[in-house]
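Reproduced below: upload-v9.cif, with mmCIF, C-alpha atoms.
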data_start
loop_
_atom_site.label_atom_id
_atom_site.label_comp_id
_atom_site.auth_asym_id
_atom_site.auth_seq_id
_atom_site.Cartn_x
_atom_site.Cartn_y
_atom_site.Cartn_z
CA MET A 23 -87.59 139.99 -116.28
CA ASN A 24 -84.32 139.03 -117.93
CA VAL A 25 -82.16 135.90 -117.77
CA ALA A 26 -78.42 135.94 -118.56
CA VAL A 27 -76.94 132.59 -119.63
CA LEU A 28 -73.14 132.51 -119.36
CA GLN A 29 -71.02 130.99 -122.11
CA PHE A 30 -67.53 129.66 -121.42
CA PRO A 31 -65.30 127.91 -123.94
CA GLY A 32 -66.54 124.33 -123.56
CA SER A 33 -70.04 125.16 -122.30
CA ASN A 34 -72.41 122.85 -124.16
CA CYS A 35 -75.75 123.26 -122.39
CA ASP A 36 -75.92 127.02 -122.90
CA GLN A 37 -78.50 126.68 -125.68
CA ASP A 38 -80.60 124.23 -123.66
CA ALA A 39 -80.55 126.59 -120.67
CA LEU A 40 -81.55 129.57 -122.81
CA HIS A 41 -84.31 127.51 -124.42
CA LEU A 42 -85.61 126.44 -120.98
CA PHE A 43 -86.23 130.04 -119.95
CA ALA A 44 -87.01 131.62 -123.33
CA SER A 45 -89.36 128.94 -124.72
CA GLY A 46 -90.26 126.99 -121.58
CA LEU A 47 -91.03 129.90 -119.26
CA LYS A 48 -91.38 132.66 -121.91
CA VAL A 49 -88.88 134.82 -120.03
CA PRO A 50 -86.50 136.96 -122.12
CA ALA A 51 -83.07 135.31 -122.08
CA ARG A 52 -79.71 136.11 -123.68
CA TYR A 53 -76.11 134.90 -123.67
CA VAL A 54 -73.24 136.58 -121.85
CA TRP A 55 -69.74 135.69 -123.07
CA HIS A 56 -67.19 134.75 -120.42
CA LYS A 57 -64.94 137.68 -121.39
CA ASP A 58 -67.68 140.23 -120.72
CA THR A 59 -67.08 142.19 -117.55
CA GLY A 60 -70.74 143.08 -116.97
CA LEU A 61 -74.05 141.21 -116.95
CA GLY A 62 -76.34 144.05 -118.02
CA SER A 63 -79.65 144.24 -116.23
CA ALA A 64 -80.08 140.59 -115.32
CA ASP A 65 -82.64 139.15 -112.88
CA LEU A 66 -81.19 135.64 -113.01
CA VAL A 67 -77.76 134.42 -114.07
CA VAL A 68 -77.57 130.83 -115.30
CA VAL A 69 -74.21 129.08 -115.30
CA PRO A 70 -74.85 126.22 -117.75
CA GLY A 71 -73.48 122.72 -118.02
CA GLY A 72 -70.67 121.47 -120.22
CA PHE A 73 -66.92 121.13 -119.95
CA SER A 74 -65.70 124.68 -119.41
CA TYR A 75 -62.00 124.89 -120.31
CA GLY A 76 -62.01 121.16 -121.01
CA ASP A 77 -62.39 120.41 -117.28
CA TYR A 78 -58.64 121.04 -117.09
CA LEU A 79 -57.07 121.07 -113.61
CA ARG A 80 -60.47 120.51 -111.91
CA CYS A 81 -64.02 120.94 -113.22
CA GLY A 82 -64.84 124.65 -113.02
CA ALA A 83 -61.42 125.65 -111.68
CA ILE A 84 -60.40 127.81 -114.65
CA ALA A 85 -63.85 129.22 -115.43
CA ARG A 86 -63.89 130.66 -111.96
CA PHE A 87 -61.24 133.17 -113.05
CA SER A 88 -63.06 134.30 -116.21
CA PRO A 89 -63.73 138.06 -116.27
CA VAL A 90 -67.51 137.53 -116.15
CA MET A 91 -67.24 135.67 -112.84
CA ARG A 92 -66.21 138.85 -111.04
CA ALA A 93 -69.51 140.38 -112.19
CA VAL A 94 -71.37 137.23 -111.10
CA ARG A 95 -69.76 137.43 -107.65
CA ASP A 96 -70.81 141.10 -107.29
CA PHE A 97 -74.29 140.26 -108.59
CA ALA A 98 -74.68 137.40 -106.10
CA SER A 99 -73.38 139.37 -103.13
CA ALA A 100 -75.95 142.07 -103.94
CA GLY A 101 -78.64 139.37 -103.66
CA GLY A 102 -78.98 138.53 -107.36
CA LEU A 103 -80.32 135.09 -108.32
CA VAL A 104 -77.79 132.61 -109.70
CA LEU A 105 -78.46 129.05 -110.91
CA GLY A 106 -75.64 126.65 -111.73
CA ILE A 107 -76.48 123.45 -113.57
CA CYS A 108 -74.03 120.53 -113.70
CA ASN A 109 -70.69 122.11 -114.72
CA GLY A 110 -72.28 125.40 -113.61
CA PHE A 111 -72.72 123.90 -110.13
CA GLN A 112 -69.05 122.86 -110.17
CA ILE A 113 -68.03 126.39 -111.20
CA LEU A 114 -70.07 127.99 -108.40
CA CYS A 115 -68.46 125.65 -105.84
CA GLU A 116 -64.98 126.43 -107.18
CA ALA A 117 -65.81 130.16 -107.05
CA GLY A 118 -66.82 129.84 -103.41
CA LEU A 119 -70.38 130.99 -104.16
CA LEU A 120 -71.61 127.61 -102.94
CA PRO A 121 -69.99 125.47 -100.22
CA GLY A 122 -68.33 122.11 -100.85
CA ALA A 123 -66.83 120.50 -103.96
CA LEU A 124 -67.67 117.90 -106.59
CA ILE A 125 -65.26 115.04 -107.18
CA ARG A 126 -65.10 111.97 -109.44
CA ASN A 127 -68.13 109.66 -109.28
CA SER A 128 -67.45 106.78 -106.88
CA SER A 129 -68.11 104.36 -109.78
CA LEU A 130 -65.45 106.17 -111.87
CA GLU A 131 -68.04 106.07 -114.67
CA TYR A 132 -69.72 108.90 -116.50
CA ARG A 133 -73.35 108.51 -115.44
CA CYS A 134 -76.09 109.47 -117.86
CA LEU A 135 -79.62 108.59 -116.69
CA THR A 136 -82.88 110.04 -115.47
CA CYS A 137 -82.90 110.24 -111.67
CA GLU A 138 -85.69 110.30 -109.18
CA LEU A 139 -85.07 113.15 -106.77
CA ALA A 140 -86.55 113.89 -103.36
CA VAL A 141 -87.47 117.56 -103.06
CA GLU A 142 -86.35 119.03 -99.74
CA PRO A 143 -88.24 121.84 -97.99
CA SER A 144 -85.63 124.55 -98.58
CA THR A 145 -87.30 127.90 -99.31
CA PRO A 146 -90.89 129.12 -99.60
CA SER A 147 -90.71 128.71 -103.38
CA PHE A 148 -88.36 125.69 -103.58
CA GLY A 149 -89.79 122.70 -101.75
CA PRO A 150 -92.38 119.92 -101.88
CA ALA A 151 -95.18 122.51 -101.60
CA THR A 152 -94.35 123.95 -105.03
CA LEU A 153 -92.60 121.01 -106.71
CA GLY A 154 -94.19 117.94 -105.13
CA PRO A 155 -92.34 115.40 -102.95
CA THR A 156 -90.37 113.84 -105.82
CA ILE A 157 -89.38 114.91 -109.32
CA ARG A 158 -87.41 113.33 -112.16
CA MET A 159 -84.55 114.97 -114.03
CA PRO A 160 -81.68 113.62 -116.13
CA ILE A 161 -78.06 113.70 -115.05
CA GLY A 162 -74.97 113.40 -117.25
CA HIS A 163 -71.68 113.75 -115.43
CA GLY A 164 -68.45 112.08 -114.37
CA GLU A 165 -67.80 114.41 -111.41
CA GLY A 166 -70.99 114.82 -109.42
CA ASN A 167 -69.87 113.31 -106.15
CA TYR A 168 -70.62 116.09 -103.66
CA ARG A 169 -68.18 116.47 -100.77
CA ILE A 170 -68.12 118.78 -97.77
CA ASP A 171 -66.59 118.55 -94.30
CA PRO A 172 -68.80 117.41 -91.37
CA GLU A 173 -69.21 120.98 -90.05
CA GLY A 174 -70.23 122.17 -93.51
CA LEU A 175 -72.74 119.33 -93.86
CA ALA A 176 -74.21 120.20 -90.46
CA ARG A 177 -74.61 123.82 -91.60
CA LEU A 178 -76.29 122.73 -94.85
CA ARG A 179 -78.78 120.66 -92.88
CA ALA A 180 -79.40 123.28 -90.17
CA ASN A 181 -80.07 126.00 -92.76
CA ARG A 182 -82.16 123.75 -95.02
CA GLN A 183 -79.73 124.38 -97.86
CA VAL A 184 -80.20 120.99 -99.51
CA LEU A 185 -82.60 121.35 -102.46
CA LEU A 186 -82.63 117.87 -103.96
CA ARG A 187 -81.51 114.38 -102.91
CA TYR A 188 -81.07 111.33 -105.13
CA ALA A 189 -83.57 108.56 -104.39
CA SER A 190 -80.94 106.14 -105.68
CA ASN A 191 -77.45 107.63 -105.40
CA PRO A 192 -75.74 107.48 -108.85
CA ASN A 193 -72.36 109.02 -107.97
CA GLY A 194 -71.47 108.47 -104.30
CA SER A 195 -72.55 111.96 -103.33
CA LEU A 196 -72.42 112.66 -99.59
CA ASP A 197 -75.87 112.47 -97.97
CA ASP A 198 -77.33 111.73 -101.47
CA ILE A 199 -77.03 115.46 -102.23
CA ALA A 200 -77.98 116.42 -105.80
CA GLY A 201 -78.45 120.16 -105.35
CA ILE A 202 -77.93 122.90 -102.77
CA ARG A 203 -78.37 126.62 -102.27
CA ASN A 204 -76.26 129.16 -100.41
CA GLU A 205 -77.19 130.29 -96.94
CA THR A 206 -78.88 133.51 -98.04
CA GLY A 207 -80.96 131.61 -100.58
CA ASN A 208 -80.08 133.39 -103.83
CA VAL A 209 -77.45 131.03 -105.30
CA PHE A 210 -78.62 127.57 -106.45
CA GLY A 211 -76.59 124.65 -107.78
CA MET A 212 -77.61 121.19 -108.96
CA MET A 213 -76.13 118.31 -110.94
CA PRO A 214 -79.46 117.24 -112.54
CA HIS A 215 -80.51 119.12 -115.67
CA PRO A 216 -83.77 121.10 -115.61
CA ASP A 217 -82.70 122.22 -119.10
CA ARG A 218 -83.09 118.60 -120.28
CA ALA A 219 -86.48 118.12 -118.67
CA PHE A 220 -89.15 120.35 -120.13
CA GLU A 221 -89.93 119.47 -123.76
CA ARG A 222 -92.46 116.78 -124.59
CA PHE A 223 -89.67 114.62 -126.04
CA HIS A 224 -87.59 114.93 -122.84
CA PRO A 225 -87.76 112.10 -120.26
CA SER A 226 -89.60 114.43 -117.87
CA GLN A 227 -91.01 117.95 -117.79
CA ASP A 228 -90.17 118.66 -114.14
CA GLY A 229 -87.36 121.04 -115.09
CA LEU A 230 -89.89 123.73 -115.85
CA ALA A 231 -91.18 123.76 -112.26
CA VAL A 232 -87.58 123.77 -110.98
CA ALA A 233 -86.69 126.80 -113.11
CA ARG A 234 -89.91 128.47 -112.01
CA ALA A 235 -89.17 127.74 -108.31
CA VAL A 236 -85.73 129.36 -108.64
CA LEU A 237 -87.15 132.47 -110.33
CA ALA A 238 -90.00 132.66 -107.80
CA THR A 239 -87.43 133.14 -105.02
CA ARG A 240 -87.35 136.80 -106.04
CA PHE A 241 -90.36 136.98 -108.34
CA PRO A 242 -93.31 135.18 -106.70
CA GLU A 243 -95.59 136.25 -109.56
CA VAL A 244 -93.89 133.57 -111.68
CA LEU A 245 -95.68 130.89 -109.65
CA LYS A 246 -99.03 132.67 -109.92
CA ARG A 247 -98.66 132.98 -113.66
CA ALA A 248 -98.21 129.21 -113.89
CA GLY A 249 -101.52 128.77 -112.04
CA MET B 30 -36.04 128.20 -111.38
CA LYS B 31 -38.21 125.14 -111.23
CA ILE B 32 -41.11 124.94 -108.83
CA THR B 33 -42.92 121.66 -108.35
CA VAL B 34 -46.39 121.69 -106.82
CA PHE B 35 -47.81 118.42 -105.50
CA VAL B 36 -51.59 118.35 -105.10
CA THR B 37 -53.08 115.39 -103.24
CA PRO B 38 -56.59 114.48 -102.13
CA LYS B 39 -57.10 115.21 -98.43
CA LYS B 40 -56.65 112.15 -96.23
CA ASN B 41 -60.32 112.07 -95.21
CA VAL B 42 -61.67 112.70 -98.73
CA LEU B 43 -62.77 109.75 -100.78
CA ASP B 44 -60.38 109.09 -103.70
CA PRO B 45 -62.23 106.84 -106.17
CA GLN B 46 -59.31 106.85 -108.65
CA GLY B 47 -56.81 105.86 -105.97
CA ALA B 48 -59.12 103.10 -104.75
CA ALA B 49 -59.48 101.70 -108.30
CA VAL B 50 -55.72 101.75 -108.88
CA GLY B 51 -55.26 100.14 -105.44
CA HIS B 52 -57.57 97.29 -106.50
CA ALA B 53 -55.60 96.84 -109.74
CA LEU B 54 -52.32 96.73 -107.79
CA GLU B 55 -53.84 94.13 -105.48
CA SER B 56 -54.87 92.00 -108.42
CA LEU B 57 -51.26 92.20 -109.67
CA GLY B 58 -50.23 90.77 -106.31
CA PHE B 59 -48.32 93.89 -105.20
CA PRO B 60 -47.02 92.92 -101.75
CA GLY B 61 -48.20 94.69 -98.59
CA LEU B 62 -50.32 97.34 -100.28
CA LYS B 63 -52.22 99.40 -97.72
CA GLY B 64 -53.55 102.11 -99.97
CA ALA B 65 -53.08 104.19 -103.15
CA ARG B 66 -53.89 107.86 -103.58
CA ILE B 67 -53.82 109.82 -106.83
CA GLY B 68 -52.94 113.49 -107.01
CA LYS B 69 -51.37 115.92 -109.47
CA LEU B 70 -47.89 117.21 -110.11
CA ILE B 71 -47.60 120.70 -111.56
CA GLU B 72 -44.23 122.04 -112.76
CA LEU B 73 -43.72 125.78 -112.99
CA ASP B 74 -40.78 127.41 -114.74
CA VAL B 75 -40.21 130.78 -113.10
CA GLU B 76 -37.77 133.57 -113.94
CA GLY B 77 -35.97 135.37 -111.15
CA PRO B 78 -34.70 134.45 -107.70
CA ASP B 79 -36.42 132.79 -104.78
CA SER B 80 -37.82 135.34 -102.33
CA PRO B 81 -40.33 135.61 -99.49
CA GLU B 82 -42.64 137.55 -101.87
CA LEU B 83 -42.47 134.78 -104.45
CA ARG B 84 -43.24 132.17 -101.81
CA ALA B 85 -46.19 134.17 -100.56
CA ARG B 86 -47.55 134.52 -104.13
CA LEU B 87 -46.96 130.83 -104.74
CA ASP B 88 -48.84 129.89 -101.59
CA GLN B 89 -51.72 132.12 -102.70
CA VAL B 90 -52.06 130.62 -106.21
CA CYS B 91 -51.82 127.14 -104.75
CA ARG B 92 -54.82 127.91 -102.54
CA ASP B 93 -56.81 129.86 -105.15
CA LEU B 94 -56.18 127.93 -108.35
CA LEU B 95 -53.83 124.95 -108.28
CA SER B 96 -55.62 123.15 -105.45
CA ASN B 97 -59.13 123.21 -104.03
CA PRO B 98 -58.71 123.45 -100.24
CA VAL B 99 -62.10 121.76 -99.71
CA ILE B 100 -60.82 118.46 -101.07
CA GLU B 101 -57.06 118.77 -101.63
CA ASP B 102 -53.76 119.47 -99.87
CA PHE B 103 -50.66 120.84 -101.59
CA ARG B 104 -46.96 121.14 -101.04
CA CYS B 105 -44.28 122.89 -103.07
CA GLU B 106 -40.64 122.14 -103.84
CA ILE B 107 -38.58 125.07 -105.00
CA GLY B 108 -35.53 124.00 -107.01
CA ARG B 109 -32.72 125.82 -108.78
#

Mind converting the file's structure to structure tokens?
Amino acid sequence: MNVAVLQFPGSNCDQDALHLFASGLKVPARYVWHKDTGLGSADLVVVPGGFSYGDYLRCGAIARFSPVMRAVRDFASAGGLVLGICNGFQILCEAGLLPGALIRNSSLEYRCLTCELAVEPSTPSFGPATLGPTIRMPIGHGEGNYRIDPEGLARLRANRQVLLRYASNPNGSLDDIAGIRNETGNVFGMMPHPDRAFERFHPSQDGLAVARAVLATRFPEVLKRAG
Amino acid sequence: MKITVFVTPKKNVLDPQGAAVGHALESLGFPGLKGARIGKLIELDVEGPDSPELRARLDQVCRDLLSNPVIEDFRCEIGR
């Protein structure tokens, strides 16, 4: 198994994301620079958090046109697993790999706190059965206010595409949405940071189970290994 | 040739910045204020003449890059 962590100019959670998989889950992980046109033999692509291209124009708008994103699009359309965290979630929405968009928090404040999240029954590996009914993970963002049109929201609900909901909405997000997946179930995006929730000194260790649940979508043995 | 692209939040999309500026205008006693919306203005300096091809390309980049159709509308003014 092999995890590719993308690096854009302005990514700042790339090392945390690599550490989550390499040290937390003991899965080989490596960086892929945004100018690379290929991903190598990756089993999971992680689009990490940060401020790619300084959040210029819109969060994730410029990163979407990086050379590596063409490879990510091909990888995802062939069924490859993709996880976007925070700015990575924004990039995947801008790239059209996930529906909807993330706008300025309704408070206009940058929100940095540990959130309680309700786990939604979304896939066999990602739901309360594997993660428990609620988990805690930190957020740190100014633009996490999820928006989608009513038809899109109805589709998300009908297809069980919502992964996580905020117990106490920190950003004005529609329907308390904190994370979603695409319809086919191979592209995941979330504002909370599993990469800031696995070490003993982190505010929670639930990020490990989240990372495991994403990997287990294609590699169920990951769950068995965890016991 | 100067092209000006105006990007605005869609009417039915929440605009927290516009709402905050609206509140500030209210507190300044601005008369008759019914709403404030905040968007972006992008100026492009382009060589060559106006043409249907240019307009088609412009429309495309406005949809793909300069605006996000999920949350924003755009309109262009093409000057001399």

May I have the centre and edge lengths, in Å to one decimal, of an axis-aligned box around the listed atoms of range 117-126 of chain A with 5 Å added to every side, as lines of an AutoDock Vina configuration file?
center_x = -68.4
center_y = 121.5
center_z = -104.8
size_x = 16.5
size_y = 29.0
size_z = 19.2

Nearest to Gly47 in chain B by atom-to-atom distance, counting only C-alpha atoms, from B:Ser96, B:Lys63, B:Leu83, B:Glu76: B:Lys63

Residues in the PyMOL selection byres ((chain A and resi 167) around 6), expressed as a list in words: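 Given this file, the PyMOL selection byres ((chain A and resi 167) around 6) evaluates to Leu124, Ile125, Arg126, Asn127, Glu165, Gly166, Tyr168, Asn193, Gly194 and Ser195 of chain A.
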
Nearest to chain A by atom-to-atom distance, counting all atoms listed in the file, from B:Gly77, B:Pro45, B:Gly68, B:Pro38: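 Of B:Gly77, B:Pro45, B:Gly68, B:Pro38, the one nearest chain A, counting all atoms listed in the file, is B:Pro45.
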
Distance filter 7 Å, all atoms listed in the file, chain B against chain A, as a PyMOL selection string: chain B and resi 45-46+94+99-100

Two-atom distance - CA of Gly106 in chain A, CA of Pro242 in chain A (Å): 20.3 Å

CA of Gly207 in chain A to CA of Ala26 in chain A, straight-line distance in Å: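 According to the coordinates, CA of Ala26 in chain A and CA of Gly207 in chain A are separated by 18.7 Å.
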
Å distance separating CA of Pro143 in chain A from CA of Val184 in chain A, one decimal place: 8.2 Å

Evaluated on this file, the PyMOL selection byres ((chain B and resi 67) around 12) picks out some residues - which ones are they, written as a tab-separated table (two decimals) with C-alpha atoms, in the frame of the given file?
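Result file result-v7.tsv:
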chain	number	residue	atom	x	y	z
A	126	ARG	CA	-65.10	111.97	-109.44
B	35	PHE	CA	-47.81	118.42	-105.50
B	36	VAL	CA	-51.59	118.35	-105.10
B	37	THR	CA	-53.08	115.39	-103.24
B	38	PRO	CA	-56.59	114.48	-102.13
B	39	LYS	CA	-57.10	115.21	-98.43
B	40	LYS	CA	-56.65	112.15	-96.23
B	42	VAL	CA	-61.67	112.70	-98.73
B	43	LEU	CA	-62.77	109.75	-100.78
B	44	ASP	CA	-60.38	109.09	-103.70
B	45	PRO	CA	-62.23	106.84	-106.17
B	46	GLN	CA	-59.31	106.85	-108.65
B	47	GLY	CA	-56.81	105.86	-105.97
B	48	ALA	CA	-59.12	103.10	-104.75
B	49	ALA	CA	-59.48	101.70	-108.30
B	50	VAL	CA	-55.72	101.75	-108.88
B	51	GLY	CA	-55.26	100.14	-105.44
B	64	GLY	CA	-53.55	102.11	-99.97
B	65	ALA	CA	-53.08	104.19	-103.15
B	66	ARG	CA	-53.89	107.86	-103.58
B	68	GLY	CA	-52.94	113.49	-107.01
B	69	LYS	CA	-51.37	115.92	-109.47
B	70	LEU	CA	-47.89	117.21	-110.11
B	101	GLU	CA	-57.06	118.77	-101.63
B	102	ASP	CA	-53.76	119.47	-99.87

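Residue nearest Lys31 in chain B, chosen from B:Leu95, B:Leu87, B:Cys105, B:Val75 and counting all atoms listed in the file: B:Val75.
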
Report the residues retrieved by the PyMOL selection byres ((chain A and resi 133) around 6) from the displayed file, expressed as a CSV table (one decimal) with C-alpha atoms, in the frame of the given file.
chain,number,residue,atom,x,y,z
A,131,GLU,CA,-68.0,106.1,-114.7
A,132,TYR,CA,-69.7,108.9,-116.5
A,134,CYS,CA,-76.1,109.5,-117.9
A,162,GLY,CA,-75.0,113.4,-117.2
A,163,HIS,CA,-71.7,113.8,-115.4

Option closest in space to Pro225 in chain A, from A:Val209, A:Met159, A:Leu139, A:Leu175 [counting only C-alpha atoms]: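 Among A:Val209, A:Met159, A:Leu139, A:Leu175, it is A:Met159 that comes nearest to Pro225 in chain A.
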
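Of the listed residues (A:Phe223, A:Phe241, A:Phe97, A:Phe30), A:Phe241 comes nearest to Ser147 in chain A; the distances count all atoms listed in the file.
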
Contacts of Ile32 in chain B within 8 Å, only C-alpha atoms, excl. fewer than 2 positions in-chain, as a PyMOL selection string: chain B and resi 30+34+72-75+105-108

Surrounding residues of Pro155 in chain A excluding itself and chain neighbours under 2 positions, 7 Å, only C-alpha atoms, as a ChimeraX atom specification: /A:140-141,150,153

Surrounding residues of His56 in chain A excluding itself and chain neighbours under 4 positions, 8 Å, only C-alpha atoms, as an NGL selection string: :A and (28-31 or 88-91)

Keeping only C-alpha atoms, write those residues as a short mmCIF file (atom, residue, chain, number, x, y, z; two decimals), in the coordinates of the input.
data_model
loop_
_atom_site.label_atom_id
_atom_site.label_comp_id
_atom_site.auth_asym_id
_atom_site.auth_seq_id
_atom_site.Cartn_x
_atom_site.Cartn_y
_atom_site.Cartn_z
CA LEU A 28 -73.14 132.51 -119.36
CA GLN A 29 -71.02 130.99 -122.11
CA PHE A 30 -67.53 129.66 -121.42
CA PRO A 31 -65.30 127.91 -123.94
CA SER A 88 -63.06 134.30 -116.21
CA PRO A 89 -63.73 138.06 -116.27
CA VAL A 90 -67.51 137.53 -116.15
CA MET A 91 -67.24 135.67 -112.84
#

Counting all atoms listed in the file, the option among A:Ala200, A:Ile107, A:Leu119, A:Met23 closest to Leu185 in chain A: A:Ala200

Residue contacts of Leu66 in chain A (10 Å, all atoms listed in the file) excluding same-chain residues fewer than 5 positions away, as a PyMOL selection string: chain A and resi 23-27+51+61+97-98+102-105+208-209+236-237+240

Show me, as a PDB file with C-alpha atoms, keeping the file's coordinate frame, the residues that have an atom within 12 Å of Thr152 in chain A when counting all atoms listed in the file, minus same-chain residues fewer than 6 positions from it.
ATOM      1  CA  VAL A 141     -87.470 117.560-103.060  1.00  0.00           C
ATOM      2  CA  GLU A 142     -86.350 119.030 -99.740  1.00  0.00           C
ATOM      3  CA  PRO A 143     -88.240 121.840 -97.990  1.00  0.00           C
ATOM      4  CA  SER A 144     -85.630 124.550 -98.580  1.00  0.00           C
ATOM      5  CA  THR A 145     -87.300 127.900 -99.310  1.00  0.00           C
ATOM      6  CA  PRO A 146     -90.890 129.120 -99.600  1.00  0.00           C
ATOM      7  CA  ASP A 228     -90.170 118.660-114.140  1.00  0.00           C
ATOM      8  CA  LEU A 230     -89.890 123.730-115.850  1.00  0.00           C
ATOM      9  CA  ALA A 231     -91.180 123.760-112.260  1.00  0.00           C
ATOM     10  CA  VAL A 232     -87.580 123.770-110.980  1.00  0.00           C
ATOM     11  CA  ALA A 233     -86.690 126.800-113.110  1.00  0.00           C
ATOM     12  CA  ARG A 234     -89.910 128.470-112.010  1.00  0.00           C
ATOM     13  CA  ALA A 235     -89.170 127.740-108.310  1.00  0.00           C
ATOM     14  CA  VAL A 236     -85.730 129.360-108.640  1.00  0.00           C
ATOM     15  CA  ALA A 238     -90.000 132.660-107.800  1.00  0.00           C
ATOM     16  CA  THR A 239     -87.430 133.140-105.020  1.00  0.00           C
ATOM     17  CA  PRO A 242     -93.310 135.180-106.700  1.00  0.00           C
ATOM     18  CA  VAL A 244     -93.890 133.570-111.680  1.00  0.00           C
ATOM     19  CA  LEU A 245     -95.680 130.890-109.650  1.00  0.00           C
ATOM     20  CA  LYS A 246     -99.030 132.670-109.920  1.00  0.00           C
ATOM     21  CA  ALA A 248     -98.210 129.210-113.890  1.00  0.00           C
ATOM     22  CA  GLY A 249    -101.520 128.770-112.040  1.00  0.00           C
TER      23      GLY A 249
END
